[in-house]
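Colleague: Got a structure for you, target.tsv, holding TSV, C-alpha atoms and all ligand atoms.
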```tsv
chain	number	residue	atom	x	y	z
R	11	MET	CA	-26.68	-4.63	2.17
R	12	ILE	CA	-23.10	-5.17	1.12
R	13	ASP	CA	-20.71	-3.00	-0.84
R	14	PHE	CA	-17.66	-5.15	-1.37
R	15	HIS	CA	-15.77	-2.65	-3.54
R	16	CYS	CA	-15.87	1.09	-3.15
R	17	HIS	CA	-13.33	3.88	-2.80
R	18	LEU	CA	-14.32	5.81	0.31
R	19	ASP	CA	-11.16	7.91	0.21
R	20	LEU	CA	-12.01	9.25	-3.24
R	21	PHE	CA	-15.38	10.76	-2.30
R	22	SER	CA	-15.24	14.54	-2.03
R	23	ARG	CA	-16.18	14.10	1.64
R	24	PRO	CA	-15.03	10.62	2.67
R	25	ASP	CA	-16.17	10.83	6.25
R	26	MET	CA	-19.65	11.95	5.26
R	27	ALA	CA	-19.93	9.12	2.70
R	28	ALA	CA	-18.82	6.62	5.35
R	29	THR	CA	-21.39	7.97	7.80
R	30	GLU	CA	-24.16	7.66	5.20
R	31	ALA	CA	-23.17	4.05	4.47
R	32	GLU	CA	-23.01	3.33	8.18
R	33	ARG	CA	-26.45	4.82	8.83
R	34	ALA	CA	-27.87	2.67	6.04
R	35	GLY	CA	-26.39	-0.40	7.78
R	36	ILE	CA	-24.17	-1.30	4.83
R	37	TYR	CA	-21.16	-3.60	5.12
R	38	VAL	CA	-18.37	-1.86	3.22
R	39	LEU	CA	-15.03	-2.94	1.84
R	40	SER	CA	-13.16	0.28	1.21
R	41	VAL	CA	-10.41	-0.41	-1.31
R	42	THR	CA	-7.35	1.77	-1.90
R	43	ASN	CA	-5.66	2.47	-5.23
R	44	THR	CA	-2.17	2.81	-3.76
R	45	PRO	CA	-0.44	1.46	-0.66
R	46	LYS	CA	0.44	5.07	0.25
R	47	ALA	CA	-3.28	5.81	0.61
R	48	PHE	CA	-3.84	2.87	2.96
R	49	PRO	CA	-2.86	4.28	6.38
R	50	LYS	CA	-5.04	7.40	6.06
R	51	THR	CA	-7.95	5.55	4.40
R	52	SER	CA	-8.02	2.89	7.08
R	53	GLN	CA	-8.68	5.64	9.63
R	54	ILE	CA	-12.09	6.25	8.00
R	55	ALA	CA	-13.16	2.67	8.73
R	56	LYS	CA	-11.48	2.38	12.11
R	57	ALA	CA	-14.36	3.17	14.45
R	58	ARG	CA	-17.00	1.78	12.10
R	59	ARG	CA	-18.06	-1.73	12.87
R	60	ARG	CA	-19.19	-2.77	9.38
R	61	MET	CA	-16.27	-1.31	7.43
R	62	ARG	CA	-12.97	-2.83	6.44
R	63	THR	CA	-10.12	-1.32	4.45
R	64	ALA	CA	-8.31	-3.18	1.70
R	65	LEU	CA	-4.71	-2.55	0.74
R	66	GLY	CA	-4.41	-2.01	-3.01
R	67	LEU	CA	-2.27	-1.10	-5.97
R	68	HIS	CA	-4.51	-0.35	-8.93
R	69	PRO	CA	-3.28	-1.99	-12.16
R	70	GLN	CA	-3.91	1.27	-14.04
R	71	LEU	CA	-1.36	2.94	-11.76
R	72	VAL	CA	1.20	0.17	-11.74
R	73	ARG	CA	3.44	1.67	-14.41
R	74	GLU	CA	3.98	4.86	-12.40
R	75	ARG	CA	3.73	3.30	-8.95
R	76	HIS	CA	5.40	-0.10	-9.17
R	77	ASP	CA	8.07	1.01	-6.72
R	78	GLU	CA	5.32	1.07	-4.07
R	79	VAL	CA	5.16	-2.75	-4.11
R	80	SER	CA	7.67	-2.94	-1.28
R	81	LEU	CA	5.45	-0.65	0.81
R	82	PHE	CA	2.51	-2.86	-0.11
R	83	VAL	CA	4.33	-5.93	1.17
R	84	ARG	CA	5.29	-4.14	4.40
R	85	LEU	CA	1.68	-3.11	5.07
R	86	LEU	CA	0.19	-6.51	4.28
R	87	GLY	CA	0.37	-7.66	7.90
R	88	GLU	CA	-2.07	-4.92	8.90
R	89	THR	CA	-5.13	-6.14	7.01
R	90	GLN	CA	-6.99	-9.26	5.97
R	91	TYR	CA	-8.21	-7.52	2.81
R	92	VAL	CA	-6.39	-6.68	-0.39
R	93	GLY	CA	-7.76	-4.62	-3.31
R	94	GLU	CA	-7.76	-3.30	-5.66
R	95	ILE	CA	-5.16	-5.31	-7.47
R	96	GLY	CA	-5.11	-7.14	-10.80
R	97	ILE	CA	-4.50	-6.50	-14.47
R	98	ASP	CA	-6.04	-4.00	-16.91
R	99	GLY	CA	-5.78	-4.95	-20.58
R	100	GLY	CA	-7.60	-1.87	-21.89
R	101	GLU	CA	-6.04	0.00	-24.81
R	102	GLU	CA	-4.36	2.62	-22.62
R	103	TYR	CA	-2.69	0.01	-20.41
R	104	ALA	CA	-2.09	-2.94	-22.72
R	105	GLY	CA	1.38	-1.59	-23.51
R	106	HIS	CA	2.52	-2.42	-19.99
R	107	LEU	CA	0.96	-5.79	-19.41
R	108	ASP	CA	4.30	-7.32	-18.44
R	109	ILE	CA	4.90	-5.04	-15.51
R	110	GLN	CA	1.27	-5.36	-14.43
R	111	ARG	CA	1.55	-9.12	-14.45
R	112	GLU	CA	4.83	-8.99	-12.55
R	113	VAL	CA	3.41	-6.70	-9.85
R	114	PHE	CA	0.18	-8.71	-9.57
R	115	GLU	CA	2.13	-11.93	-9.11
R	116	ARG	CA	4.44	-10.34	-6.59
R	117	ILE	CA	1.36	-9.33	-4.60
R	118	LEU	CA	-0.19	-12.81	-4.91
R	119	ARG	CA	3.09	-14.33	-3.76
R	120	ALA	CA	3.19	-11.99	-0.75
R	121	CYS	CA	-0.44	-12.86	0.11
R	122	ALA	CA	0.40	-16.56	-0.09
R	123	ALA	CA	3.41	-16.04	2.18
R	124	GLU	CA	1.13	-14.34	4.73
R	125	GLY	CA	-1.29	-17.27	4.73
R	126	GLY	CA	-3.78	-15.83	2.22
R	127	ARG	CA	-5.95	-12.74	1.95
R	128	VAL	CA	-9.44	-11.84	0.75
R	129	MET	CA	-8.64	-10.10	-2.53
R	130	SER	CA	-10.80	-7.70	-4.60
R	131	ILE	CA	-9.50	-8.07	-8.13
R	132	HIS	CA	-9.72	-5.88	-11.23
R	133	SER	CA	-9.66	-7.83	-14.52
R	134	ARG	CA	-10.90	-5.39	-17.18
R	135	HIS	CA	-10.01	-6.74	-20.65
R	136	ALA	CA	-7.64	-9.15	-18.95
R	137	SER	CA	-9.76	-11.86	-17.38
R	138	SER	CA	-7.77	-14.72	-18.94
R	139	GLU	CA	-4.48	-13.19	-17.76
R	140	VAL	CA	-5.89	-12.74	-14.26
R	141	VAL	CA	-7.16	-16.33	-14.17
R	142	ASP	CA	-3.71	-17.56	-15.28
R	143	CYS	CA	-2.01	-15.67	-12.45
R	144	LEU	CA	-4.52	-16.93	-9.89
R	145	ARG	CA	-3.88	-20.47	-11.08
R	146	ARG	CA	-0.17	-20.03	-10.36
R	147	TRP	CA	-0.84	-18.82	-6.79
R	148	PRO	CA	-3.54	-21.11	-5.39
R	149	THR	CA	-2.70	-20.28	-1.77
R	150	ALA	CA	-2.92	-16.49	-2.19
R	151	GLY	CA	-6.38	-16.44	-0.61
R	152	THR	CA	-9.93	-15.92	-1.83
R	153	PRO	CA	-10.18	-13.95	-5.07
R	154	ILE	CA	-13.28	-11.79	-5.55
R	155	LEU	CA	-13.46	-10.70	-9.17
R	156	HIS	CA	-14.82	-7.18	-9.06
R	157	TRP	CA	-16.94	-5.93	-12.00
R	158	PHE	CA	-16.03	-8.96	-14.08
R	159	THR	CA	-16.66	-8.38	-17.81
R	160	GLY	CA	-14.88	-11.39	-19.27
R	161	SER	CA	-16.20	-14.43	-21.06
R	162	LYS	CA	-18.33	-17.20	-19.64
R	163	ARG	CA	-15.36	-19.50	-20.13
R	164	ASP	CA	-13.09	-17.31	-18.00
R	165	ALA	CA	-15.82	-17.07	-15.37
R	166	GLU	CA	-15.99	-20.87	-15.24
R	167	ALA	CA	-12.21	-21.16	-14.99
R	168	ALA	CA	-12.22	-18.63	-12.15
R	169	ILE	CA	-15.00	-20.50	-10.34
R	170	ALA	CA	-12.99	-23.71	-10.58
R	171	LEU	CA	-10.17	-21.85	-8.81
R	172	GLY	CA	-12.49	-20.84	-5.98
R	173	ALA	CA	-13.19	-17.28	-7.15
R	174	TRP	CA	-16.15	-15.15	-6.06
R	175	PHE	CA	-17.67	-12.17	-7.88
R	176	SER	CA	-18.76	-8.73	-6.74
R	177	VAL	CA	-21.41	-7.31	-9.03
R	178	GLY	CA	-22.89	-3.83	-9.32
R	179	THR	CA	-25.70	-2.13	-11.20
R	180	PRO	CA	-23.76	-1.38	-14.42
R	181	MET	CA	-22.88	-5.06	-14.74
R	182	LEU	CA	-26.45	-6.16	-14.04
R	183	LYS	CA	-27.84	-3.67	-16.56
R	184	SER	CA	-25.77	-5.29	-19.31
R	185	LYS	CA	-27.65	-8.09	-21.02
R	186	ARG	CA	-24.54	-10.12	-21.78
R	187	MET	CA	-23.16	-9.79	-18.25
R	188	SER	CA	-26.43	-10.46	-16.46
R	189	GLU	CA	-26.74	-13.67	-18.46
R	190	ILE	CA	-23.32	-14.69	-17.16
R	191	VAL	CA	-24.17	-13.60	-13.60
R	192	ALA	CA	-27.25	-15.82	-13.73
R	193	THR	CA	-24.97	-18.84	-14.26
R	194	LEU	CA	-22.59	-18.06	-11.38
R	195	PRO	CA	-22.95	-19.93	-8.07
R	196	ARG	CA	-25.28	-17.83	-5.89
R	197	ASP	CA	-23.20	-18.54	-2.84
R	198	ARG	CA	-20.15	-16.83	-4.38
R	199	ILE	CA	-21.72	-13.46	-5.13
R	200	LEU	CA	-21.51	-10.14	-3.34
R	201	THR	CA	-22.69	-6.68	-4.40
R	202	GLU	CA	-20.55	-3.59	-4.99
R	203	THR	CA	-20.83	0.04	-6.12
R	204	ASP	CA	-17.26	0.95	-7.19
R	205	ALA	CA	-18.30	4.42	-6.02
R	206	PRO	CA	-17.51	7.26	-6.32
R	207	PHE	CA	-16.52	6.60	-9.95
R	208	VAL	CA	-19.76	4.86	-10.66
R	209	SER	CA	-23.30	5.07	-9.32
R	210	THR	CA	-22.67	8.29	-7.44
R	211	LYS	CA	-24.68	11.46	-7.57
R	212	GLY	CA	-22.88	14.45	-6.04
R	213	SER	CA	-21.03	13.70	-2.85
R	214	ALA	CA	-23.55	11.25	-1.45
R	215	TYR	CA	-22.92	7.56	-0.88
R	216	PRO	CA	-25.02	5.61	-3.44
R	217	VAL	CA	-27.37	3.55	-1.25
R	218	GLU	CA	-29.92	3.42	-4.07
R	219	ALA	CA	-27.46	1.90	-6.55
R	220	LEU	CA	-26.84	-0.90	-4.09
R	221	ARG	CA	-30.54	-1.45	-3.55
R	222	GLU	CA	-30.97	-1.64	-7.32
R	223	ALA	CA	-28.18	-4.23	-7.59
R	224	VAL	CA	-29.91	-6.41	-4.99
R	225	PHE	CA	-33.21	-5.96	-6.81
R	226	ARG	CA	-31.72	-6.93	-10.18
R	227	LEU	CA	-30.08	-9.97	-8.62
R	228	SER	CA	-33.41	-11.00	-7.14
R	229	GLU	CA	-34.90	-10.83	-10.64
R	230	LEU	CA	-32.12	-13.02	-12.02
R	231	TRP	CA	-32.55	-15.45	-9.15
R	232	ARG	CA	-36.35	-15.31	-9.40
R	233	CYS	CA	-36.79	-14.61	-5.73
R	234	ALA	CA	-37.88	-11.74	-3.50
R	235	PRO	CA	-35.34	-8.93	-2.91
R	236	GLU	CA	-35.37	-9.87	0.80
R	237	GLN	CA	-34.29	-13.38	-0.09
R	238	ALA	CA	-31.53	-12.10	-2.35
R	239	ASP	CA	-30.38	-9.85	0.47
R	240	ALA	CA	-30.37	-12.79	2.89
R	241	GLN	CA	-28.33	-14.87	0.43
R	242	LEU	CA	-25.77	-12.07	0.06
R	243	ARG	CA	-25.48	-11.63	3.82
R	244	SER	CA	-24.97	-15.32	4.35
R	245	ASN	CA	-22.30	-15.27	1.62
R	246	LEU	CA	-20.47	-12.46	3.38
R	247	SER	CA	-20.52	-14.17	6.76
R	248	ARG	CA	-19.23	-17.38	5.19
R	249	LEU	CA	-16.44	-15.49	3.43
R	250	VAL	CA	-15.39	-13.73	6.61
R	251	LYS	CA	-15.57	-16.95	8.62
R	252	THR	CA	-13.58	-18.96	6.07
R	253	ALA	CA	-10.94	-16.26	6.02
R	254	ALA	CA	-10.78	-16.22	9.82
R	255	ASP	CA	-10.55	-20.04	10.00
R	256	ALA	CA	-7.71	-19.97	7.50
R	257	GLY	CA	-5.93	-17.54	9.78
R	258	VAL	CA	-6.30	-14.76	7.22
L	301	MN	MN	-12.48	0.26	-8.25
```
Spell out the structure here as structure tokens.
Modeller:
Amino acid sequence: MIDFHCHLDLFSRPDMAATEAERAGIYVLSVTNTPKAFPKTSQIAKARRRMRTALGLHPQLVRERHDEVSLFVRLLGETQYVGEIGIDGGEEYAGHLDIQREVFERILRACAAEGGRVMSIHSRHASSEVVDCLRRWPTAGTPILHWFTGSKRDAEAAIALGAWFSVGTPMLKSKRMSEIVATLPRDRILTETDAPFVSTKGSAYPVEALREAVFRLSELWRCAPEQADAQLRSNLSRLVKTAADAGV
């Protein structure tokens, strides 16, 4: 199975969570909320074959941490994966949309300058803004919209720009969102947990939540869970291969 967006460093026992995911054979993208957290967090994934670490600057932290953008740009050469980045238009953050947009675009510009990155993107209450930014930076890489909750129209606009989606159980439990997921191209979907914030019980890595996401996708796709799993795996290998071919 695949967990294309989780925060290994934020588990109470990161190494234990990583070991559990590894034992379950899960491919993990471990995202970081700040560039400062990247060096230490990437150590967790270092000796683990199926884990990669993404360099991030969470939009909810941008107001306090925007001076870390320069560190972000300096570290960008060390990884093919970026996340989480993006824009949050929720009530608490809508007051600083300008700075969020500025930082997001600076990151997209840096990714473009480096030849593109695979990017896990947050777009809560800001999917149109995120799509607009992506449109301005078409060579920034492959955007994966994580836990997308926007409109069908924004989803279609994102697809036209080459975007993928990482979906988890909370999204698939929502009637409105699962209807949208059913319309997305199957070959641009990956699963995610966003753990430990979501799906987690205690300190354990949420293998079951991931299994449930695959099961719910198989229901939407009207196929066996094994087939859904095979589709997701083939998506991941294509994503990784495309990124490698592009020199990402
Ligand atoms: Mn997250």
Colleague: In Å, how far is it from atom CA of R:Asp25 to atom CA of R:Val38?
Modeller: 13.2 Å
Colleague: Taking all atoms listed in the file into account, which of R:Thr63, R:Thr159, R:Thr29, R:Ser138 comes nearest R:Val217?
Modeller: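 Under the stated criterion, the closest residue is R:Thr29.
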Colleague: May I ask which of the residues R:Glu124, R:Asp197, R:Glu74, R:Asp19 is the closest one to ligand MN 301 (chain L), counting all atoms listed in the file?
Modeller: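 Residue with the minimum atom-to-atom distance to ligand MN 301 (chain L): R:Asp19.
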Colleague: Could you list, as a compact mmCIF listing (two decimals) with C-alpha atoms, in the frame of the given file, all residues that come within 12 Å of ligand MN 301 (chain L)? Count all atoms listed in the file.
Modeller:
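Okay, this is what ended up in out10.txt:
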```txt
# COMPACT_ATOMS: atom_id res chain seq x y z
CA ASP R 13 -20.71 -3.00 -0.84
CA PHE R 14 -17.66 -5.15 -1.37
CA HIS R 15 -15.77 -2.65 -3.54
CA CYS R 16 -15.87 1.09 -3.15
CA HIS R 17 -13.33 3.88 -2.80
CA LEU R 18 -14.32 5.81 0.31
CA ASP R 19 -11.16 7.91 0.21
CA LEU R 20 -12.01 9.25 -3.24
CA LEU R 39 -15.03 -2.94 1.84
CA SER R 40 -13.16 0.28 1.21
CA VAL R 41 -10.41 -0.41 -1.31
CA THR R 42 -7.35 1.77 -1.90
CA ASN R 43 -5.66 2.47 -5.23
CA THR R 44 -2.17 2.81 -3.76
CA ALA R 64 -8.31 -3.18 1.70
CA GLY R 66 -4.41 -2.01 -3.01
CA LEU R 67 -2.27 -1.10 -5.97
CA HIS R 68 -4.51 -0.35 -8.93
CA PRO R 69 -3.28 -1.99 -12.16
CA GLN R 70 -3.91 1.27 -14.04
CA LEU R 71 -1.36 2.94 -11.76
CA GLY R 93 -7.76 -4.62 -3.31
CA GLU R 94 -7.76 -3.30 -5.66
CA ILE R 95 -5.16 -5.31 -7.47
CA GLY R 96 -5.11 -7.14 -10.80
CA ASP R 98 -6.04 -4.00 -16.91
CA SER R 130 -10.80 -7.70 -4.60
CA ILE R 131 -9.50 -8.07 -8.13
CA HIS R 132 -9.72 -5.88 -11.23
CA SER R 133 -9.66 -7.83 -14.52
CA ARG R 134 -10.90 -5.39 -17.18
CA LEU R 155 -13.46 -10.70 -9.17
CA HIS R 156 -14.82 -7.18 -9.06
CA TRP R 157 -16.94 -5.93 -12.00
CA PHE R 158 -16.03 -8.96 -14.08
CA SER R 176 -18.76 -8.73 -6.74
CA VAL R 177 -21.41 -7.31 -9.03
CA GLY R 178 -22.89 -3.83 -9.32
CA GLU R 202 -20.55 -3.59 -4.99
CA THR R 203 -20.83 0.04 -6.12
CA ASP R 204 -17.26 0.95 -7.19
CA ALA R 205 -18.30 4.42 -6.02
CA PRO R 206 -17.51 7.26 -6.32
CA PHE R 207 -16.52 6.60 -9.95
CA VAL R 208 -19.76 4.86 -10.66
CA SER R 209 -23.30 5.07 -9.32
```
Colleague: Need to verify the contact set: R:Cys143, 8 Å, only C-alpha atoms, exclusion of same-chain residues closer than 4 positions in sequence. Can you return it as a ChimeraX atom specification?
Modeller: /R:111,114-115,139,147
Colleague: Take the residues from that selection and put them in a file with C-alpha atoms, as a tab-separated table (two decimals), keeping the file's coordinate frame.
Modeller:
```
chain	number	residue	atom	x	y	z
R	111	ARG	CA	1.55	-9.12	-14.45
R	114	PHE	CA	0.18	-8.71	-9.57
R	115	GLU	CA	2.13	-11.93	-9.11
R	139	GLU	CA	-4.48	-13.19	-17.76
R	147	TRP	CA	-0.84	-18.82	-6.79
```
Colleague: So how far away is atom CA of R:Thr193 from atom CA of R:Val250, in Å?
Modeller: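 Calculated distance between atom CA of R:Val250 and atom CA of R:Thr193 is 23.5 Å.
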Colleague: As JSON, please: the centre and edge lengths in Å, to one decimal, of an axis-aligned box enclosing every listed atom of stretch 70-77 of chain R with 4 Å added on each side.
Modeller:
```
{"center_x": 2.1, "center_y": 2.4, "center_z": -10.6, "size_x": 20.0, "size_y": 13.0, "size_z": 15.7}
```
Colleague: How many Å separate atom CA of R:Asp164 from atom CA of R:Thr252?
Modeller: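 Separation between atom CA of R:Asp164 and atom CA of R:Thr252: 24.1 Å.
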Colleague: So that I can check the surroundings of R:Gly99, please list as a PyMOL selection string every protein, DNA and RNA residue that reaches within 6 Å of it, counting all atoms listed in the file and ignoring chain neighbours fewer than 5 positions away.
Modeller: chain R and resi 104+135-136
Colleague: From (-25.2, -13.3, -19.5), in the file's coordinates, out to 12 Å: which residues are reached, counting all atoms listed in the file? Answer as a tab-separated table (two decimals) with C-alpha atoms, in the frame of the given file.
Modeller:
```tsv
chain	number	residue	atom	x	y	z
R	158	PHE	CA	-16.03	-8.96	-14.08
R	159	THR	CA	-16.66	-8.38	-17.81
R	160	GLY	CA	-14.88	-11.39	-19.27
R	161	SER	CA	-16.20	-14.43	-21.06
R	162	LYS	CA	-18.33	-17.20	-19.64
R	163	ARG	CA	-15.36	-19.50	-20.13
R	165	ALA	CA	-15.82	-17.07	-15.37
R	181	MET	CA	-22.88	-5.06	-14.74
R	182	LEU	CA	-26.45	-6.16	-14.04
R	183	LYS	CA	-27.84	-3.67	-16.56
R	184	SER	CA	-25.77	-5.29	-19.31
R	185	LYS	CA	-27.65	-8.09	-21.02
R	186	ARG	CA	-24.54	-10.12	-21.78
R	187	MET	CA	-23.16	-9.79	-18.25
R	188	SER	CA	-26.43	-10.46	-16.46
R	189	GLU	CA	-26.74	-13.67	-18.46
R	190	ILE	CA	-23.32	-14.69	-17.16
R	191	VAL	CA	-24.17	-13.60	-13.60
R	192	ALA	CA	-27.25	-15.82	-13.73
R	193	THR	CA	-24.97	-18.84	-14.26
R	194	LEU	CA	-22.59	-18.06	-11.38
R	230	LEU	CA	-32.12	-13.02	-12.02
```
Colleague: Kindly indicate which residue among R:Arg33, R:His76, R:Arg232, R:Lys50 lies nearest to R:Val113, using all atoms listed in the file for the distances.
Modeller: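 Closest to R:Val113 of all the choices is R:His76.
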Colleague: When you look at R:Gly87 with a cut-off of 12 Å (counting all atoms listed in the file), what residues show up, excluding the ones that are within fewer than 2 positions of it in the same chain? I need them as a list in words.
Modeller: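 Residues near the query, excluding close chain neighbours: Ala64, Leu65, Leu81, Phe82, Val83, Arg84, Leu85, Thr89, Gln90, Tyr91, Val92, Ala120, Cys121, Ala122, Ala123, Glu124, Gly125, Gly126, Arg127, Gly257 and Val258 of chain R.
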Colleague: Using only C-alpha atoms, which of R:Leu249, R:Cys233, R:Leu86, R:Met11 sits nearest R:Thr201?
Modeller: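 Looking at the shortest contact to R:Thr201, the residue is R:Met11.
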Colleague: Counting all atoms listed in the file, which of R:Ile199, R:Val128, R:Ile54, R:Ile97 gets nearest to R:Ala150?
Modeller: R:Val128
Colleague: Using only C-alpha atoms, find the one residue out of R:Ile117, R:Ala173, R:Met61, R:Ala223 that sits nearest to R:Val79.
Modeller: R:Ile117
Colleague: For R:Gln241, please output as a list of chain:residue names all residues within 10 Å (counting all atoms listed in the file; exclusion window: fewer than 6 positions along the same chain).
Modeller: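 Result of the neighbour search: R:Arg196, R:Asp197, R:Arg198, R:Ile199, R:Leu200, R:Ser228, R:Pro235.
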Colleague: When you get a chance, write out all heavy atoms for stretch 247-255 of chain R, as a PDB file, in the coordinates of the input.
Modeller:
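Listed below is the output, selection.pdb:
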```pdb
ATOM      1  N   SER R 247     -20.978 -13.588   5.491  1.00  0.00           N
ATOM      2  CA  SER R 247     -20.520 -14.170   6.760  1.00  0.00           C
ATOM      3  C   SER R 247     -19.678 -15.418   6.523  1.00  0.00           C
ATOM      4  O   SER R 247     -18.707 -15.649   7.230  1.00  0.00           O
ATOM      5  CB  SER R 247     -21.637 -14.435   7.762  1.00  0.00           C
ATOM      6  OG  SER R 247     -22.841 -14.607   7.138  1.00  0.00           O
ATOM      7  N   ARG R 248     -20.043 -16.191   5.487  1.00  0.00           N
ATOM      8  CA  ARG R 248     -19.230 -17.380   5.190  1.00  0.00           C
ATOM      9  C   ARG R 248     -17.822 -16.971   4.747  1.00  0.00           C
ATOM     10  O   ARG R 248     -16.839 -17.554   5.175  1.00  0.00           O
ATOM     11  CB  ARG R 248     -19.911 -18.215   4.106  1.00  0.00           C
ATOM     12  CG  ARG R 248     -19.400 -19.642   4.062  1.00  0.00           C
ATOM     13  CD  ARG R 248     -20.158 -20.501   3.065  1.00  0.00           C
ATOM     14  NE  ARG R 248     -19.676 -20.344   1.701  1.00  0.00           N
ATOM     15  CZ  ARG R 248     -20.274 -19.675   0.737  1.00  0.00           C
ATOM     16  NH1 ARG R 248     -21.419 -19.050   0.953  1.00  0.00           N
ATOM     17  NH2 ARG R 248     -19.768 -19.603  -0.457  1.00  0.00           N
ATOM     18  N   LEU R 249     -17.751 -15.959   3.904  1.00  0.00           N
ATOM     19  CA  LEU R 249     -16.440 -15.490   3.430  1.00  0.00           C
ATOM     20  C   LEU R 249     -15.564 -15.050   4.593  1.00  0.00           C
ATOM     21  O   LEU R 249     -14.402 -15.430   4.704  1.00  0.00           O
ATOM     22  CB  LEU R 249     -16.634 -14.321   2.448  1.00  0.00           C
ATOM     23  CG  LEU R 249     -15.353 -13.680   1.919  1.00  0.00           C
ATOM     24  CD1 LEU R 249     -14.633 -14.616   0.955  1.00  0.00           C
ATOM     25  CD2 LEU R 249     -15.650 -12.362   1.218  1.00  0.00           C
ATOM     26  N   VAL R 250     -16.151 -14.258   5.473  1.00  0.00           N
ATOM     27  CA  VAL R 250     -15.390 -13.730   6.610  1.00  0.00           C
ATOM     28  C   VAL R 250     -14.969 -14.871   7.535  1.00  0.00           C
ATOM     29  O   VAL R 250     -13.833 -14.924   8.005  1.00  0.00           O
ATOM     30  CB  VAL R 250     -16.232 -12.673   7.367  1.00  0.00           C
ATOM     31  CG1 VAL R 250     -15.569 -12.260   8.657  1.00  0.00           C
ATOM     32  CG2 VAL R 250     -16.468 -11.458   6.472  1.00  0.00           C
ATOM     33  N   LYS R 251     -15.865 -15.821   7.737  1.00  0.00           N
ATOM     34  CA  LYS R 251     -15.570 -16.950   8.620  1.00  0.00           C
ATOM     35  C   LYS R 251     -14.474 -17.833   8.017  1.00  0.00           C
ATOM     36  O   LYS R 251     -13.526 -18.209   8.714  1.00  0.00           O
ATOM     37  CB  LYS R 251     -16.838 -17.763   8.860  1.00  0.00           C
ATOM     38  CG  LYS R 251     -16.647 -18.794   9.956  1.00  0.00           C
ATOM     39  CD  LYS R 251     -17.937 -19.564  10.220  1.00  0.00           C
ATOM     40  CE  LYS R 251     -17.723 -20.619  11.305  1.00  0.00           C
ATOM     41  NZ  LYS R 251     -16.698 -21.598  10.963  1.00  0.00           N
ATOM     42  N   THR R 252     -14.594 -18.129   6.733  1.00  0.00           N
ATOM     43  CA  THR R 252     -13.580 -18.960   6.070  1.00  0.00           C
ATOM     44  C   THR R 252     -12.214 -18.302   6.185  1.00  0.00           C
ATOM     45  O   THR R 252     -11.214 -18.955   6.465  1.00  0.00           O
ATOM     46  CB  THR R 252     -13.928 -19.148   4.571  1.00  0.00           C
ATOM     47  OG1 THR R 252     -15.298 -19.487   4.473  1.00  0.00           O
ATOM     48  CG2 THR R 252     -13.101 -20.237   3.930  1.00  0.00           C
ATOM     49  N   ALA R 253     -12.204 -16.987   5.941  1.00  0.00           N
ATOM     50  CA  ALA R 253     -10.940 -16.260   6.020  1.00  0.00           C
ATOM     51  C   ALA R 253     -10.373 -16.333   7.437  1.00  0.00           C
ATOM     52  O   ALA R 253      -9.182 -16.572   7.622  1.00  0.00           O
ATOM     53  CB  ALA R 253     -11.154 -14.810   5.589  1.00  0.00           C
ATOM     54  N   ALA R 254     -11.232 -16.174   8.433  1.00  0.00           N
ATOM     55  CA  ALA R 254     -10.780 -16.220   9.820  1.00  0.00           C
ATOM     56  C   ALA R 254     -10.260 -17.611  10.169  1.00  0.00           C
ATOM     57  O   ALA R 254      -9.210 -17.758  10.801  1.00  0.00           O
ATOM     58  CB  ALA R 254     -11.902 -15.809  10.761  1.00  0.00           C
ATOM     59  N   ASP R 255     -10.970 -18.666   9.716  1.00  0.00           N
ATOM     60  CA  ASP R 255     -10.550 -20.040  10.000  1.00  0.00           C
ATOM     61  C   ASP R 255      -9.197 -20.347   9.369  1.00  0.00           C
ATOM     62  O   ASP R 255      -8.412 -21.122   9.895  1.00  0.00           O
ATOM     63  CB  ASP R 255     -11.588 -21.057   9.487  1.00  0.00           C
ATOM     64  CG  ASP R 255     -12.855 -21.026  10.326  1.00  0.00           C
ATOM     65  OD1 ASP R 255     -12.824 -20.370  11.398  1.00  0.00           O
ATOM     66  OD2 ASP R 255     -13.866 -21.618   9.918  1.00  0.00           O
TER      67      ASP R 255
END
```
